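start17.cif, holding mmCIF, C-alpha atoms and all ligand atoms:
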```
data_target
#
loop_
_atom_site.label_atom_id
_atom_site.label_comp_id
_atom_site.auth_asym_id
_atom_site.auth_seq_id
_atom_site.Cartn_x
_atom_site.Cartn_y
_atom_site.Cartn_z
CA MET A 1 7.23 25.75 -16.29
CA THR A 2 7.62 24.73 -19.91
CA THR A 3 8.56 21.08 -19.94
CA ASN A 4 6.91 18.19 -18.21
CA ARG A 5 9.25 15.35 -17.25
CA GLN A 6 7.54 11.97 -17.42
CA ILE A 7 8.37 8.32 -16.84
CA ILE A 8 6.97 6.23 -19.67
CA LEU A 9 6.22 2.52 -19.32
CA ALA A 10 8.23 1.82 -22.47
CA GLU A 11 7.64 -1.94 -22.59
CA MET A 12 5.70 -4.44 -20.56
CA PRO A 13 8.02 -6.42 -18.29
CA GLN A 14 8.73 -10.04 -19.21
CA GLY A 15 9.55 -11.59 -15.86
CA ARG A 16 10.84 -9.45 -13.04
CA LEU A 17 10.60 -5.70 -13.40
CA THR A 18 13.84 -3.96 -14.42
CA PRO A 19 14.67 -0.34 -15.28
CA ALA A 20 14.60 -1.36 -18.98
CA SER A 21 10.79 -1.22 -18.86
CA PHE A 22 10.87 2.54 -18.33
CA ARG A 23 12.23 5.63 -20.03
CA LEU A 24 12.40 9.28 -19.07
CA ALA A 25 10.68 11.63 -21.52
CA GLU A 26 9.81 15.29 -21.82
CA ALA A 27 6.50 16.66 -23.06
CA PRO A 28 4.87 20.08 -23.07
CA VAL A 29 3.02 21.06 -19.89
CA PRO A 30 -0.65 20.34 -20.68
CA ALA A 31 -3.29 23.08 -20.58
CA PRO A 32 -6.38 22.47 -18.44
CA ALA A 33 -9.71 22.36 -20.30
CA ASP A 34 -12.85 23.95 -18.93
CA GLY A 35 -13.69 22.22 -15.62
CA GLU A 36 -10.13 20.93 -15.20
CA VAL A 37 -7.14 21.90 -13.12
CA LEU A 38 -3.44 21.74 -13.89
CA VAL A 39 -1.52 20.22 -10.99
CA LYS A 40 2.15 19.78 -10.16
CA ALA A 41 3.22 16.60 -8.37
CA ARG A 42 4.96 17.17 -5.02
CA TYR A 43 5.23 13.51 -3.90
CA ILE A 44 4.41 10.45 -5.99
CA SER A 45 3.16 7.39 -4.13
CA LEU A 46 4.98 4.09 -4.67
CA ASP A 47 2.63 1.15 -4.25
CA ALA A 48 3.15 -2.57 -4.61
CA ALA A 49 0.01 -2.50 -6.76
CA ASN A 50 1.83 -0.40 -9.39
CA ARG A 51 3.41 -3.66 -10.54
CA ALA A 52 0.10 -5.56 -10.46
CA TRP A 53 -1.43 -3.01 -12.83
CA MET A 54 1.06 -4.23 -15.48
CA GLN A 55 -0.42 -7.75 -15.33
CA GLY A 56 -3.85 -6.91 -16.71
CA VAL A 57 -7.15 -5.49 -15.60
CA THR A 58 -7.48 -5.01 -11.84
CA TYR A 59 -9.77 -2.50 -10.16
CA ARG A 60 -8.38 -0.20 -12.86
CA SER A 61 -7.74 -0.82 -16.54
CA ALA A 62 -4.54 -2.57 -17.59
CA LEU A 63 -1.49 -0.47 -18.36
CA GLN A 64 -0.25 -0.34 -21.94
CA ALA A 65 3.29 0.09 -23.20
CA GLY A 66 3.94 3.68 -24.28
CA GLN A 67 1.73 5.26 -21.59
CA VAL A 68 2.91 7.48 -18.79
CA MET A 69 3.35 5.04 -15.90
CA ALA A 70 0.25 5.13 -13.69
CA GLY A 71 0.39 6.26 -10.08
CA GLY A 72 -1.08 8.65 -7.57
CA SER A 73 0.40 11.97 -6.52
CA LEU A 74 0.09 14.42 -3.73
CA ALA A 75 -0.09 17.42 -6.02
CA GLU A 76 -0.54 21.18 -5.92
CA VAL A 77 -2.96 23.07 -8.13
CA VAL A 78 -1.07 25.52 -10.34
CA GLU A 79 -3.93 26.63 -12.60
CA SER A 80 -7.64 26.13 -12.11
CA ARG A 81 -10.54 26.21 -14.54
CA SER A 82 -12.73 24.46 -12.00
CA PRO A 83 -14.82 26.19 -9.36
CA GLY A 84 -13.80 25.33 -5.80
CA LEU A 85 -10.12 24.77 -6.52
CA ALA A 86 -7.47 27.47 -6.63
CA PRO A 87 -3.71 27.65 -7.19
CA GLY A 88 -1.89 26.40 -4.09
CA ASP A 89 -4.58 23.90 -3.12
CA LEU A 90 -3.32 20.39 -2.34
CA VAL A 91 -5.07 17.39 -3.88
CA PHE A 92 -4.52 13.68 -4.42
CA ALA A 93 -4.44 13.24 -8.19
CA ASP A 94 -4.15 10.12 -10.30
CA ILE A 95 -1.88 11.77 -12.89
CA GLY A 96 0.81 9.10 -13.20
CA TRP A 97 4.57 9.42 -13.01
CA GLN A 98 5.01 12.94 -14.31
CA GLU A 99 5.62 16.43 -13.00
CA TYR A 100 2.42 18.01 -14.35
CA GLY A 101 -0.98 16.67 -15.23
CA THR A 102 -4.56 17.79 -15.73
CA ALA A 103 -7.62 16.34 -14.05
CA PRO A 104 -11.32 17.17 -13.78
CA GLY A 105 -11.79 19.33 -10.70
CA LYS A 106 -14.96 17.49 -9.72
CA HIS A 107 -12.88 14.33 -9.09
CA LEU A 108 -10.49 16.09 -6.71
CA ALA A 109 -10.92 16.91 -3.05
CA ARG A 110 -8.93 19.71 -1.44
CA LEU A 111 -6.61 18.33 1.25
CA PRO A 112 -5.68 20.19 4.42
CA ALA A 113 -2.18 21.69 4.57
CA MET A 114 -0.21 19.92 7.28
CA ALA A 115 3.29 19.22 8.49
CA PRO A 116 4.70 16.93 7.45
CA LEU A 117 2.91 17.06 4.13
CA THR A 118 3.88 13.47 3.39
CA TYR A 119 1.37 12.19 5.97
CA LEU A 120 -1.30 12.95 3.36
CA LEU A 121 0.12 10.09 1.28
CA SER A 122 0.93 7.71 4.12
CA VAL A 123 -1.18 7.52 7.24
CA TYR A 124 -3.93 9.89 6.01
CA GLY A 125 -3.88 8.54 2.44
CA VAL A 126 -4.74 5.26 0.77
CA THR A 127 -2.17 3.42 2.92
CA GLY A 128 -3.62 4.41 6.28
CA LEU A 129 -7.20 3.93 5.17
CA THR A 130 -6.42 0.50 3.73
CA ALA A 131 -4.89 -0.60 7.02
CA TYR A 132 -7.74 0.91 9.03
CA PHE A 133 -10.72 -0.36 7.05
CA GLY A 134 -9.20 -3.71 6.11
CA LEU A 135 -8.38 -4.57 9.67
CA LEU A 136 -11.33 -3.06 11.52
CA GLU A 137 -14.19 -3.42 9.02
CA VAL A 138 -13.18 -6.65 7.26
CA GLY A 139 -11.10 -8.42 9.93
CA LYS A 140 -13.15 -7.20 12.88
CA PRO A 141 -10.59 -8.15 15.54
CA LYS A 142 -11.64 -8.39 19.17
CA ALA A 143 -9.40 -7.49 22.09
CA GLY A 144 -7.33 -10.47 23.16
CA GLU A 145 -7.40 -12.14 19.74
CA THR A 146 -4.24 -12.92 17.78
CA VAL A 147 -3.78 -10.88 14.61
CA VAL A 148 -1.14 -11.82 12.03
CA VAL A 149 -0.12 -9.47 9.24
CA SER A 150 2.27 -10.11 6.34
CA ALA A 151 4.53 -7.51 4.67
CA ALA A 152 4.49 -6.29 8.26
CA ALA A 153 7.32 -3.78 7.89
CA GLY A 154 5.78 -2.23 4.79
CA ALA A 155 3.45 0.72 4.41
CA VAL A 156 0.10 -0.97 5.04
CA GLY A 157 1.43 -3.75 7.27
CA SER A 158 3.28 -1.50 9.71
CA LEU A 159 0.02 0.35 10.39
CA VAL A 160 -2.15 -2.77 10.55
CA GLY A 161 0.01 -4.23 13.31
CA GLN A 162 0.02 -1.04 15.34
CA ILE A 163 -3.73 -0.51 14.99
CA ALA A 164 -4.34 -4.10 16.08
CA LYS A 165 -2.22 -3.42 19.20
CA LEU A 166 -4.25 -0.28 19.88
CA LYS A 167 -7.38 -2.44 19.77
CA GLY A 168 -5.96 -4.77 22.41
CA CYS A 169 -4.87 -7.67 20.19
CA ARG A 170 -1.78 -9.82 20.29
CA VAL A 171 0.10 -9.07 17.08
CA VAL A 172 2.48 -11.20 15.04
CA GLY A 173 4.15 -9.75 11.95
CA ILE A 174 5.63 -11.67 9.03
CA ALA A 175 8.49 -9.87 7.30
CA GLY A 176 11.63 -10.60 5.28
CA GLY A 177 14.88 -10.82 7.22
CA ALA A 178 16.02 -10.77 10.84
CA GLN A 179 16.53 -7.01 10.91
CA LYS A 180 13.02 -6.16 9.81
CA CYS A 181 11.66 -8.70 12.27
CA ALA A 182 13.60 -7.16 15.16
CA TRP A 183 12.49 -3.70 14.06
CA ILE A 184 8.75 -4.39 14.01
CA LYS A 185 9.02 -5.64 17.57
CA ASP A 186 11.41 -3.03 18.97
CA ALA A 187 10.22 0.07 17.12
CA LEU A 188 6.57 -0.72 16.39
CA GLY A 189 5.60 -2.85 19.39
CA PHE A 190 4.62 -6.10 17.63
CA ASP A 191 4.56 -9.03 20.07
CA GLU A 192 6.27 -11.52 17.77
CA ALA A 193 7.79 -11.62 14.32
CA VAL A 194 8.31 -14.39 11.79
CA ASP A 195 11.00 -14.14 9.12
CA TYR A 196 9.49 -15.77 6.04
CA LYS A 197 12.85 -15.74 4.27
CA ALA A 198 14.26 -18.11 6.91
CA GLY A 199 11.82 -20.83 5.77
CA GLY A 200 9.56 -22.98 7.94
CA VAL A 201 6.91 -20.25 8.14
CA ARG A 202 4.10 -22.66 8.95
CA ARG A 203 5.95 -24.05 11.98
CA ALA A 204 7.24 -20.65 13.08
CA LEU A 205 3.69 -19.27 12.98
CA ARG A 206 2.41 -22.20 14.99
CA GLU A 207 4.98 -21.46 17.67
CA ALA A 208 4.22 -17.73 17.61
CA CYS A 209 0.44 -18.31 17.70
CA PRO A 210 -0.21 -21.25 20.03
CA ASP A 211 -3.95 -20.45 20.23
CA GLY A 212 -4.26 -20.07 16.47
CA VAL A 213 -4.74 -16.98 14.32
CA SER A 214 -8.04 -15.16 14.66
CA VAL A 215 -7.36 -12.54 11.98
CA TYR A 216 -4.82 -12.93 9.19
CA PHE A 217 -4.32 -9.71 7.20
CA ASP A 218 -2.84 -10.95 3.93
CA ASN A 219 -0.69 -8.62 1.89
CA VAL A 220 1.35 -11.24 0.08
CA GLY A 221 -0.59 -14.38 -0.94
CA GLY A 222 1.30 -17.51 -2.08
CA ASP A 223 3.19 -19.67 0.39
CA VAL A 224 2.82 -17.22 3.27
CA PHE A 225 -0.96 -17.27 2.83
CA GLU A 226 -0.84 -21.05 2.92
CA ALA A 227 1.22 -21.05 6.12
CA ALA A 228 -1.29 -18.72 7.76
CA LEU A 229 -4.24 -20.78 6.53
CA PHE A 230 -2.98 -23.90 8.31
CA ASN A 231 -2.64 -21.88 11.53
CA MET A 232 -6.06 -20.27 11.56
CA ALA A 233 -8.26 -20.63 14.62
CA ASN A 234 -11.84 -21.82 14.13
CA HIS A 235 -14.05 -18.93 12.97
CA GLY A 236 -10.97 -16.97 11.95
CA ARG A 237 -11.08 -14.19 9.39
CA ILE A 238 -8.67 -13.79 6.50
CA VAL A 239 -8.51 -10.26 5.11
CA CYS A 240 -7.32 -10.42 1.50
CA CYS A 241 -5.68 -7.06 0.93
CA GLY A 242 -3.13 -7.91 -1.77
CA ALA A 243 -0.80 -10.54 -3.14
CA VAL A 244 2.60 -8.93 -3.58
CA SER A 245 4.34 -12.33 -3.90
CA ALA A 246 2.57 -12.77 -7.22
CA TYR A 247 3.00 -9.26 -8.63
CA ASP A 248 6.59 -9.54 -9.88
CA ASP A 249 6.79 -13.27 -10.54
CA VAL A 250 6.15 -14.79 -13.94
CA PRO A 251 4.66 -17.37 -13.71
CA PRO A 252 3.06 -16.68 -10.32
CA PRO A 253 3.99 -18.98 -7.43
CA HIS A 254 2.03 -22.16 -6.82
CA GLY A 255 -0.36 -22.53 -3.98
CA PRO A 256 -1.82 -21.91 -1.63
CA ARG A 257 -2.74 -25.51 -0.94
CA GLY A 258 -5.46 -26.53 1.46
CA VAL A 259 -7.80 -23.68 0.61
CA PRO A 260 -11.23 -25.29 0.21
CA GLY A 261 -10.91 -27.96 2.92
CA LEU A 262 -9.45 -25.80 5.64
CA ILE A 263 -11.86 -22.96 5.01
CA VAL A 264 -14.74 -25.35 5.57
CA THR A 265 -13.45 -27.27 8.56
CA LYS A 266 -12.23 -24.20 10.39
CA ARG A 267 -15.37 -22.21 9.43
CA LEU A 268 -13.22 -19.37 8.13
CA ARG A 269 -14.37 -16.18 6.50
CA VAL A 270 -12.10 -15.08 3.63
CA GLU A 271 -12.89 -11.64 2.28
CA GLY A 272 -11.21 -9.36 -0.17
CA PHE A 273 -11.69 -5.61 -0.20
CA VAL A 274 -10.66 -2.48 -2.05
CA VAL A 275 -10.16 0.56 0.13
CA MET A 276 -12.42 2.79 -1.98
CA ASP A 277 -15.39 0.63 -0.93
CA PHE A 278 -15.21 2.27 2.50
CA TYR A 279 -14.68 5.90 1.51
CA ALA A 280 -18.13 6.93 2.74
CA ALA A 281 -16.76 6.41 6.27
CA ARG A 282 -13.45 8.14 5.52
CA ASP A 283 -13.87 11.19 7.77
CA ALA A 284 -14.45 9.13 10.90
CA ALA A 285 -11.48 6.89 10.06
CA LEU A 286 -9.20 9.86 9.49
CA ALA A 287 -10.30 11.38 12.78
CA GLU A 288 -9.38 8.23 14.69
CA LEU A 289 -6.05 7.88 12.85
CA HIS A 290 -5.32 11.54 13.57
CA GLY A 291 -5.98 11.06 17.27
CA TRP A 292 -3.57 8.13 17.47
CA VAL A 293 -0.85 9.97 15.54
CA GLU A 294 -1.18 13.16 17.59
CA SER A 295 -1.07 11.24 20.88
CA GLY A 296 2.06 9.38 19.75
CA GLN A 297 0.32 5.99 19.84
CA LEU A 298 0.70 5.37 16.11
CA LYS A 299 4.16 5.68 14.57
CA VAL A 300 4.21 6.80 10.96
CA VAL A 301 7.17 5.39 9.07
CA GLU A 302 8.04 6.88 5.71
CA ASP A 303 10.74 6.20 3.16
CA VAL A 304 11.12 9.23 0.89
CA ILE A 305 13.36 9.07 -2.19
CA ASP A 306 14.34 12.18 -4.12
CA GLY A 307 13.82 12.75 -7.81
CA LEU A 308 11.26 11.78 -10.45
CA GLU A 309 13.96 9.93 -12.39
CA ASN A 310 14.33 7.49 -9.47
CA LEU A 311 10.73 6.22 -9.64
CA PRO A 312 11.59 3.01 -11.54
CA VAL A 313 14.35 1.92 -9.15
CA ALA A 314 12.20 2.94 -6.20
CA LEU A 315 9.41 0.60 -7.35
CA ILE A 316 11.81 -2.24 -8.11
CA GLY A 317 13.32 -1.77 -4.64
CA LEU A 318 9.89 -1.76 -2.98
CA LEU A 319 9.08 -5.11 -4.59
CA ALA A 320 12.43 -6.42 -3.32
CA GLY A 321 11.60 -5.29 0.22
CA GLU A 322 14.05 -2.37 0.50
CA ASN A 323 11.47 -0.19 2.21
CA ARG A 324 10.27 0.22 5.75
CA GLY A 325 6.93 1.96 5.90
CA LYS A 326 5.47 4.09 3.14
CA ARG A 327 7.74 4.64 0.14
CA MET A 328 7.24 7.73 -2.03
CA VAL A 329 9.27 9.91 -4.36
CA LYS A 330 9.70 13.65 -3.85
CA VAL A 331 9.42 15.60 -7.08
CA ASP A 332 11.45 18.82 -7.17
P1 LIG A 401 4.70 -2.33 1.08
O1 LIG A 401 4.14 -3.34 2.04
O2 LIG A 401 5.22 -1.05 1.61
O3 LIG A 401 5.88 -3.00 0.24
C1 LIG A 401 5.77 -4.27 -0.26
C2 LIG A 401 6.48 -5.26 0.69
O4 LIG A 401 6.13 -6.57 0.31
C3 LIG A 401 7.98 -5.20 0.61
O5 LIG A 401 8.51 -4.24 1.48
C4 LIG A 401 8.40 -6.63 0.96
O6 LIG A 401 8.79 -6.70 2.33
C5 LIG A 401 7.12 -7.46 0.77
N1 LIG A 401 7.30 -8.52 -0.22
C6 LIG A 401 7.75 -8.40 -1.49
N2 LIG A 401 7.77 -9.61 -2.09
C7 LIG A 401 7.31 -10.50 -1.18
C8 LIG A 401 7.09 -11.91 -1.20
N3 LIG A 401 7.36 -12.65 -2.29
N4 LIG A 401 6.61 -12.50 -0.09
C9 LIG A 401 6.35 -11.78 1.01
N5 LIG A 401 6.54 -10.43 1.10
C10 LIG A 401 7.01 -9.81 0.00
O7 LIG A 401 3.64 -2.07 -0.07
P2 LIG A 401 2.18 -1.48 0.03
O8 LIG A 401 2.03 -0.59 -1.14
O9 LIG A 401 1.91 -1.03 1.42
O10 LIG A 401 1.27 -2.76 -0.28
C11 LIG A 401 1.07 -3.80 0.66
C12 LIG A 401 -0.09 -4.65 0.16
O11 LIG A 401 -1.30 -3.89 0.30
C13 LIG A 401 0.01 -5.04 -1.32
O12 LIG A 401 -0.43 -6.36 -1.49
C14 LIG A 401 -0.96 -4.07 -1.98
O13 LIG A 401 -1.45 -4.54 -3.20
C15 LIG A 401 -2.03 -3.99 -0.91
N6 LIG A 401 -2.95 -2.83 -0.98
C16 LIG A 401 -4.28 -3.12 -1.11
C17 LIG A 401 -5.20 -2.10 -1.12
C18 LIG A 401 -6.65 -2.45 -1.21
O14 LIG A 401 -7.49 -1.55 -1.31
N7 LIG A 401 -7.01 -3.74 -1.13
C19 LIG A 401 -4.78 -0.76 -1.04
C20 LIG A 401 -3.41 -0.49 -0.90
C21 LIG A 401 -2.50 -1.56 -0.87
P3 LIG A 401 9.71 -7.89 2.89
O15 LIG A 401 11.07 -7.32 3.07
O16 LIG A 401 9.04 -8.23 4.19
O17 LIG A 401 9.68 -8.99 1.88
#
```
Once you've parsed the file, please lay out its structure as structure tokens.
Ligand code: NAP
Amino acid sequence: MTTNRQIILAEMPQGRLTPASFRLAEAPVPAPADGEVLVKARYISLDAANRAWMQGVTYRSALQAGQVMAGGSLAEVVESRSPGLAPGDLVFADIGWQEYGTAPGKHLARLPAMAPLTYLLSVYGVTGLTAYFGLLEVGKPKAGETVVVSAAAGAVGSLVGQIAKLKGCRVVGIAGGAQKCAWIKDALGFDEAVDYKAGGVRRALREACPDGVSVYFDNVGGDVFEAALFNMANHGRIVCCGAVSAYDDVPPPHGPRGVPGLIVTKRLRVEGFVVMDFYAARDAALAELHGWVESGQLKVVEDVIDGLENLPVALIGLLAGENRGKRMVKVD
């Protein structure tokens, strides 16, 4: 344990993200100050939002060229100068794309050891909680209603659709390509799927949702948002979770059209959220997620890539839709 391999955001992307924005570097392993712990990353989370953080200030400060690329890790404490944490403890740490990092112990919560460990980043991590709270607390679906979710084969979307089914809803997923569409129906139990890459999304959604959409869980924004908007039922709810269609596009796509008028005439509620807003209720959410996973009612789909050096291509691939379920990188 002498060197710390890191992925540096070498330059801000101009246009679509490419590997040229990143470089691999080596630095000394940092020493924890009083009150801090030194952690080693085991799995680094890949999130669509990683790309959005390069566009400017979001719910976190904007990334700058020359910094270690930002990102969250499932990490193991290797040295502790903080009471309550000891070597071997597992934590979720915001240390970026590197093998080792330090963090104040008071900001870290010890996670339970479990098999597979990766569930701590997927269904029991930000991904699962985002799907859970966004759908149930913001969307508030009722049994029998039609729920539509975009990026439906991805990490958040694959869970949103399954949770909506567990709550007795009819579920339509929007995903890219015929294979993903078949998969969300056959493997995850969605009722219908719409391939946005085939075009005609607005019409396809109308056919898939003849009674209109009661809850649209939006992960992508842009044209897909617009297609959903025109298909909303009166008093429908649009859960604004993210806008991945705009993260890697410069300039961002036009649209959506029809926003003010349709929101009024259909009496829609459009609400954004950030998962952290709901963390006070985290234990109850995790307990319900755990019950569904243990009983086999909720399938957890993960896409694990090996090697810290593969983080840049793993993110680029996520934005291109290579993944099914939660993508992460295993750090040796
Ligand atoms: P993900 O869904 O696993 O991966 C992103 C997916 O987006 C890709 O697999 C791709 O699937 C789809 N996609 C890419 N470009 C697209 C486009 N132009 N139009 C439509 N779909 C496109 O990623 P994730 O990390 O779980 O994130 C999903 C969403 O949740 C993101 O918007 C993210 O920002 C949001 N999020 C929000 C919160 C919060 O607190 N609000 C927390 C976590 C995540 P296809 O093959 O189907 O194109």
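Excluding Ala287 (chain A) itself and any same-chain residue fewer than 4 positions from it, the protein and nucleic acid residues within 12 Å of it, counting only C-alpha atoms, are Val123, Tyr124, Gly128, Leu129, Tyr132, Ala281, Arg282, Asp283, Gly291, Trp292, Val293 and Glu294 of chain A.
Our summary of the geometry notes that CA of Pro256 (chain A) is positioned 18.9 Å from CA of Gly176 (chain A).
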Q: Kindly work out which residues sit at most 6 Å from ligand LIG 401 (chain A), using all atoms listed in the file, and give the list as an NGL selection string.
A: :A and (47-49 or 127 or 130 or 151 or 154-157 or 175-176 or 219-220 or 241-245 or 273-275 or 318-323 or 325-326)
(Q) Taking 2 positions as the minimum chain separation for residues in the same chain, which residues sit within 9 Å of Phe92 (chain A) when counting only C-alpha atoms? Answer as an MDAnalysis selection string. (A) chainID A and resid 72:76 90 94 108:111 120:121 125
Spatial neighbours of region 184-194 of chain A, 8 Å, only C-alpha atoms, chain gap at least 2 places, as a PDB file with C-alpha atoms, in the frame of the given file:
```
ATOM      1  CA  ALA A 152       4.490  -6.290   8.260  1.00  0.00           C
ATOM      2  CA  ALA A 153       7.320  -3.780   7.890  1.00  0.00           C
ATOM      3  CA  SER A 158       3.280  -1.500   9.710  1.00  0.00           C
ATOM      4  CA  GLY A 161       0.010  -4.230  13.310  1.00  0.00           C
ATOM      5  CA  GLN A 162       0.020  -1.040  15.340  1.00  0.00           C
ATOM      6  CA  LYS A 165      -2.220  -3.420  19.200  1.00  0.00           C
ATOM      7  CA  ARG A 170      -1.780  -9.820  20.290  1.00  0.00           C
ATOM      8  CA  VAL A 171       0.100  -9.070  17.080  1.00  0.00           C
ATOM      9  CA  VAL A 172       2.480 -11.200  15.040  1.00  0.00           C
ATOM     10  CA  GLY A 173       4.150  -9.750  11.950  1.00  0.00           C
ATOM     11  CA  ILE A 174       5.630 -11.670   9.030  1.00  0.00           C
ATOM     12  CA  ALA A 175       8.490  -9.870   7.300  1.00  0.00           C
ATOM     13  CA  LYS A 180      13.020  -6.160   9.810  1.00  0.00           C
ATOM     14  CA  CYS A 181      11.660  -8.700  12.270  1.00  0.00           C
ATOM     15  CA  ALA A 182      13.600  -7.160  15.160  1.00  0.00           C
ATOM     16  CA  TYR A 196       9.490 -15.770   6.040  1.00  0.00           C
ATOM     17  CA  VAL A 201       6.910 -20.250   8.140  1.00  0.00           C
ATOM     18  CA  ALA A 204       7.240 -20.650  13.080  1.00  0.00           C
ATOM     19  CA  LEU A 205       3.690 -19.270  12.980  1.00  0.00           C
ATOM     20  CA  ALA A 208       4.220 -17.730  17.610  1.00  0.00           C
ATOM     21  CA  LYS A 299       4.160   5.680  14.570  1.00  0.00           C
TER      22      LYS A 299
END
```
Q: Quick one: everything within 12 Å of region 98-100 of chain A, counting only C-alpha atoms, minus sequence neighbours fewer than 2 positions away in the same chain. Send it as an MDAnalysis selection string.
A: chainID A and resid 1:9 23:32 37:45 67:79 93:96 102:103 307:311 329:332
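Ranking A:Gly177, A:Gly105, A:Gly222, A:Gly168 by their shortest atom-to-atom distance to Val147 (chain A), with only C-alpha atoms included, puts A:Gly168 first.
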Q.
If I take CA of Cys169 (chain A) and CA of Gly144 (chain A), how far is one from the other in Å, to one decimal?
A. 4.8 Å
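Checking A:Gly56, A:Pro104, A:Pro112, A:Gly317 one by one against Arg81 (chain A), counting all atoms listed in the file, you find the shortest gap at A:Pro104.
Distance check against Asp223 (chain A) using all atoms listed in the file: of A:Ser122, A:Ser150, A:Thr18, A:Ser80, the minimum falls on A:Ser150.
With all atoms listed in the file as the atoms that count, the residue of A:Ala86, A:Asp218, A:Leu159, A:Glu207 with the shortest distance to Val126 (chain A) is A:Leu159.
Computed from the coordinates, the CA of Ala10 (chain A) to CA of Phe22 (chain A) distance equals 5.0 Å.
Among the candidates A:Ala143, A:Ala113, A:Leu63, A:Cys209, the residue lying nearest to Ala228 (chain A) is A:Cys209 (atoms considered: all atoms listed in the file).
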Q: Up to 10 Å from (-16.8, -7.3, 7.1) in the file's coordinates: name the residues, counting only C-alpha atoms, as a VMD selection string.
A: chain A and resid 133 to 140 237 239 269 to 273
Keeping only C-alpha atoms, write the selected residues as an mmCIF file, in the frame of the given file.
```
data_model
loop_
_atom_site.group_PDB
_atom_site.id
_atom_site.type_symbol
_atom_site.label_atom_id
_atom_site.label_comp_id
_atom_site.auth_asym_id
_atom_site.auth_seq_id
_atom_site.Cartn_x
_atom_site.Cartn_y
_atom_site.Cartn_z
ATOM 1 C CA PHE A 133 -10.720 -0.360 7.050
ATOM 2 C CA GLY A 134 -9.200 -3.710 6.110
ATOM 3 C CA LEU A 135 -8.380 -4.570 9.670
ATOM 4 C CA LEU A 136 -11.330 -3.060 11.520
ATOM 5 C CA GLU A 137 -14.190 -3.420 9.020
ATOM 6 C CA VAL A 138 -13.180 -6.650 7.260
ATOM 7 C CA GLY A 139 -11.100 -8.420 9.930
ATOM 8 C CA LYS A 140 -13.150 -7.200 12.880
ATOM 9 C CA ARG A 237 -11.080 -14.190 9.390
ATOM 10 C CA VAL A 239 -8.510 -10.260 5.110
ATOM 11 C CA ARG A 269 -14.370 -16.180 6.500
ATOM 12 C CA VAL A 270 -12.100 -15.080 3.630
ATOM 13 C CA GLU A 271 -12.890 -11.640 2.280
ATOM 14 C CA GLY A 272 -11.210 -9.360 -0.170
ATOM 15 C CA PHE A 273 -11.690 -5.610 -0.200
#
```
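Checking A:Ala52, A:Leu46, A:Ala65, A:Leu286 one by one against Met12 (chain A), counting only C-alpha atoms, you find the shortest gap at A:Ala65.
Residues surrounding Gly258 (chain A) within 8 Å are Glu226, Leu229 and Phe230 of chain A [only C-alpha atoms; sequence separation below 6 positions excluded].
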